Amino acid sequence: MNSSLEIFQFILKNLIFGFGTKYRENDFQDLANQIKAMVDEKLPIVFFLPAFPCKSSNPDKVLGINADFGEHVAIKILFETAQGISKIYEHGSKAIIMTDYHTFTEQIGVKQYALTYISNSCNRW
């Protein structure tokens, strides 16, 4: 079994932009402690990403309602990191992306079809 330190370092290398140049391991001590607790309990490493449900409703700020390449890359990196941990840690890893679009619909003026469209485009990846 891999140690919590190995898993922690794998996450830093794969998910933390600027790690090694701008940030150091001790900048993420809370994360290291959470990973150690999960490993000690033999639990899967879980990534939970609360995601905004749609693009901006301001057409001057976006190219459309579809998910863009940046979102594709972010989701890909998150899931590849979870898969990589599952290869080195016997209790595995998973990534959960959750959005509460009902909270935002009326406040930001985004129609239901736009919310469904971006969700479907992300699910295809």
# chains A, B, ... in the order shown; residues from 1 in each chain; ligands from 1
call {"tool": "residues_around", "arguments": {"residues": "region 82-94 of chain A", "least_positions_apart": "2", "cutoff": "8 Å", "atoms": "only C-alpha atoms", "output": "PyMOL selection string"}}
result
chain A and resi 1-2+7+10+42-47+78-80+96
call {"tool": "residues_around", "arguments": {"residues": "Phe28 (chain A)", "least_positions_apart": "4", "cutoff": "10 Å", "atoms": "only C-alpha atoms", "output": "list in words"}}
result
Phe8, Leu12, Ile16, Tyr23, Arg24, Ala32 and Asn33 of chain A
call {"tool": "write_last_selection", "arguments": {"atoms": "N, CA and C atoms", "output": "PDB file, in the first residue's frame"}}
result
ATOM      1  N   PHE A   8      -0.383  12.183  -1.358  1.00  0.00           N
ATOM      2  CA  PHE A   8      -0.355  13.641  -1.235  1.00  0.00           C
ATOM      3  C   PHE A   8       0.555  14.261  -2.295  1.00  0.00           C
ATOM      4  N   LEU A  12      -0.416  16.808  -5.404  1.00  0.00           N
ATOM      5  CA  LEU A  12       0.246  18.105  -5.605  1.00  0.00           C
ATOM      6  C   LEU A  12       0.802  18.228  -7.018  1.00  0.00           C
ATOM      7  N   ILE A  16      -2.121  20.776  -8.468  1.00  0.00           N
ATOM      8  CA  ILE A  16      -1.831  22.104  -7.929  1.00  0.00           C
ATOM      9  C   ILE A  16      -0.933  22.880  -8.891  1.00  0.00           C
ATOM     10  N   TYR A  23       4.528  27.227  -4.859  1.00  0.00           N
ATOM     11  CA  TYR A  23       4.049  26.621  -3.619  1.00  0.00           C
ATOM     12  C   TYR A  23       4.919  25.433  -3.223  1.00  0.00           C
ATOM     13  N   ARG A  24       4.917  25.122  -1.928  1.00  0.00           N
ATOM     14  CA  ARG A  24       5.654  23.991  -1.363  1.00  0.00           C
ATOM     15  C   ARG A  24       4.682  23.082  -0.609  1.00  0.00           C
ATOM     16  N   ALA A  32      -2.774  17.458   3.364  1.00  0.00           N
ATOM     17  CA  ALA A  32      -1.981  16.295   3.783  1.00  0.00           C
ATOM     18  C   ALA A  32      -2.646  15.588   4.959  1.00  0.00           C
ATOM     19  N   ASN A  33      -3.164  16.354   5.908  1.00  0.00           N
ATOM     20  CA  ASN A  33      -3.836  15.765   7.076  1.00  0.00           C
ATOM     21  C   ASN A  33      -5.120  15.035   6.674  1.00  0.00           C
TER      22      ASN A  33
END
call {"tool": "select_by_dssp", "arguments": {"residues": "region 9-70 of chain A", "states": "alpha helix (DSSP H)", "output": "JSON, numbers by chain"}}
result
{"A": [9, 10, 11, 12, 13, 14, 15, 29, 30, 31, 32, 33, 34, 35, 36, 37, 38, 39, 40, 69, 70]}
call {"tool": "write_last_selection", "arguments": {"atoms": "N, CA, C and O atoms", "output": "PDB file, in the first residue's frame"}}
result
ATOM      1  N   GLN A   9       1.748  13.733  -2.454  1.00  0.00           N
ATOM      2  CA  GLN A   9       2.682  14.260  -3.450  1.00  0.00           C
ATOM      3  C   GLN A   9       2.165  14.064  -4.871  1.00  0.00           C
ATOM      4  O   GLN A   9       2.346  14.918  -5.730  1.00  0.00           O
ATOM      5  N   PHE A  10       1.484  12.955  -5.132  1.00  0.00           N
ATOM      6  CA  PHE A  10       0.881  12.703  -6.440  1.00  0.00           C
ATOM      7  C   PHE A  10      -0.180  13.761  -6.743  1.00  0.00           C
ATOM      8  O   PHE A  10      -0.247  14.301  -7.853  1.00  0.00           O
ATOM      9  N   ILE A  11      -1.007  14.068  -5.753  1.00  0.00           N
ATOM     10  CA  ILE A  11      -2.045  15.092  -5.934  1.00  0.00           C
ATOM     11  C   ILE A  11      -1.416  16.457  -6.180  1.00  0.00           C
ATOM     12  O   ILE A  11      -1.844  17.189  -7.084  1.00  0.00           O
ATOM     13  N   LEU A  12      -0.416  16.808  -5.404  1.00  0.00           N
ATOM     14  CA  LEU A  12       0.246  18.105  -5.605  1.00  0.00           C
ATOM     15  C   LEU A  12       0.802  18.228  -7.018  1.00  0.00           C
ATOM     16  O   LEU A  12       0.622  19.245  -7.688  1.00  0.00           O
ATOM     17  N   LYS A  13       1.465  17.187  -7.462  1.00  0.00           N
ATOM     18  CA  LYS A  13       2.086  17.202  -8.786  1.00  0.00           C
ATOM     19  C   LYS A  13       1.054  17.310  -9.908  1.00  0.00           C
ATOM     20  O   LYS A  13       1.272  17.988 -10.906  1.00  0.00           O
ATOM     21  N   ASN A  14      -0.097  16.660  -9.730  1.00  0.00           N
ATOM     22  CA  ASN A  14      -1.080  16.584 -10.804  1.00  0.00           C
ATOM     23  C   ASN A  14      -2.161  17.656 -10.763  1.00  0.00           C
ATOM     24  O   ASN A  14      -2.735  17.972 -11.808  1.00  0.00           O
ATOM     25  N   LEU A  15      -2.470  18.193  -9.584  1.00  0.00           N
ATOM     26  CA  LEU A  15      -3.596  19.117  -9.484  1.00  0.00           C
ATOM     27  C   LEU A  15      -3.247  20.551  -9.104  1.00  0.00           C
ATOM     28  O   LEU A  15      -4.029  21.450  -9.369  1.00  0.00           O
ATOM     29  N   GLN A  29      -0.746  21.735   4.225  1.00  0.00           N
ATOM     30  CA  GLN A  29      -0.747  20.824   5.367  1.00  0.00           C
ATOM     31  C   GLN A  29      -2.147  20.291   5.686  1.00  0.00           C
ATOM     32  O   GLN A  29      -2.309  19.128   6.042  1.00  0.00           O
ATOM     33  N   ASP A  30      -3.178  21.117   5.538  1.00  0.00           N
ATOM     34  CA  ASP A  30      -4.545  20.640   5.789  1.00  0.00           C
ATOM     35  C   ASP A  30      -4.911  19.509   4.829  1.00  0.00           C
ATOM     36  O   ASP A  30      -5.539  18.525   5.225  1.00  0.00           O
ATOM     37  N   LEU A  31      -4.527  19.645   3.569  1.00  0.00           N
ATOM     38  CA  LEU A  31      -4.778  18.595   2.587  1.00  0.00           C
ATOM     39  C   LEU A  31      -4.025  17.321   2.971  1.00  0.00           C
ATOM     40  O   LEU A  31      -4.583  16.222   2.919  1.00  0.00           O
ATOM     41  N   ALA A  32      -2.774  17.458   3.364  1.00  0.00           N
ATOM     42  CA  ALA A  32      -1.981  16.295   3.783  1.00  0.00           C
ATOM     43  C   ALA A  32      -2.646  15.588   4.959  1.00  0.00           C
ATOM     44  O   ALA A  32      -2.720  14.350   4.992  1.00  0.00           O
ATOM     45  N   ASN A  33      -3.164  16.354   5.908  1.00  0.00           N
ATOM     46  CA  ASN A  33      -3.836  15.765   7.076  1.00  0.00           C
ATOM     47  C   ASN A  33      -5.120  15.035   6.674  1.00  0.00           C
ATOM     48  O   ASN A  33      -5.416  13.959   7.199  1.00  0.00           O
ATOM     49  N   GLN A  34      -5.876  15.604   5.740  1.00  0.00           N
ATOM     50  CA  GLN A  34      -7.110  14.952   5.283  1.00  0.00           C
ATOM     51  C   GLN A  34      -6.804  13.642   4.552  1.00  0.00           C
ATOM     52  O   GLN A  34      -7.492  12.641   4.751  1.00  0.00           O
ATOM     53  N   ILE A  35      -5.779  13.661   3.720  1.00  0.00           N
ATOM     54  CA  ILE A  35      -5.391  12.434   3.002  1.00  0.00           C
ATOM     55  C   ILE A  35      -4.919  11.372   3.985  1.00  0.00           C
ATOM     56  O   ILE A  35      -5.298  10.209   3.879  1.00  0.00           O
ATOM     57  N   LYS A  36      -4.108  11.771   4.965  1.00  0.00           N
ATOM     58  CA  LYS A  36      -3.631  10.819   5.970  1.00  0.00           C
ATOM     59  C   LYS A  36      -4.802  10.189   6.720  1.00  0.00           C
ATOM     60  O   LYS A  36      -4.822   8.972   6.937  1.00  0.00           O
ATOM     61  N   ALA A  37      -5.795  10.997   7.066  1.00  0.00           N
ATOM     62  CA  ALA A  37      -6.960  10.468   7.784  1.00  0.00           C
ATOM     63  C   ALA A  37      -7.706   9.453   6.924  1.00  0.00           C
ATOM     64  O   ALA A  37      -8.137   8.401   7.429  1.00  0.00           O
ATOM     65  N   MET A  38      -7.868   9.722   5.634  1.00  0.00           N
ATOM     66  CA  MET A  38      -8.565   8.788   4.742  1.00  0.00           C
ATOM     67  C   MET A  38      -7.767   7.498   4.584  1.00  0.00           C
ATOM     68  O   MET A  38      -8.338   6.398   4.605  1.00  0.00           O
ATOM     69  N   VAL A  39      -6.457   7.614   4.423  1.00  0.00           N
ATOM     70  CA  VAL A  39      -5.604   6.435   4.263  1.00  0.00           C
ATOM     71  C   VAL A  39      -5.593   5.610   5.555  1.00  0.00           C
ATOM     72  O   VAL A  39      -5.713   4.377   5.514  1.00  0.00           O
ATOM     73  N   ASP A  40      -5.473   6.268   6.696  1.00  0.00           N
ATOM     74  CA  ASP A  40      -5.484   5.552   7.979  1.00  0.00           C
ATOM     75  C   ASP A  40      -6.780   4.764   8.181  1.00  0.00           C
ATOM     76  O   ASP A  40      -6.771   3.685   8.763  1.00  0.00           O
ATOM     77  N   PHE A  69     -12.924  24.410 -23.907  1.00  0.00           N
ATOM     78  CA  PHE A  69     -11.754  23.550 -23.766  1.00  0.00           C
ATOM     79  C   PHE A  69     -11.144  23.627 -22.363  1.00  0.00           C
ATOM     80  O   PHE A  69     -10.659  22.625 -21.843  1.00  0.00           O
ATOM     81  N   GLY A  70     -11.204  24.785 -21.736  1.00  0.00           N
ATOM     82  CA  GLY A  70     -10.683  24.928 -20.376  1.00  0.00           C
ATOM     83  C   GLY A  70     -11.422  24.025 -19.397  1.00  0.00           C
ATOM     84  O   GLY A  70     -10.815  23.388 -18.531  1.00  0.00           O
TER      85      GLY A  70
END
call {"tool": "atom_distance", "arguments": {"atom1": "CA of Phe48 (chain A)", "atom2": "CA of Val62 (chain A)"}}
result
25.6 Å
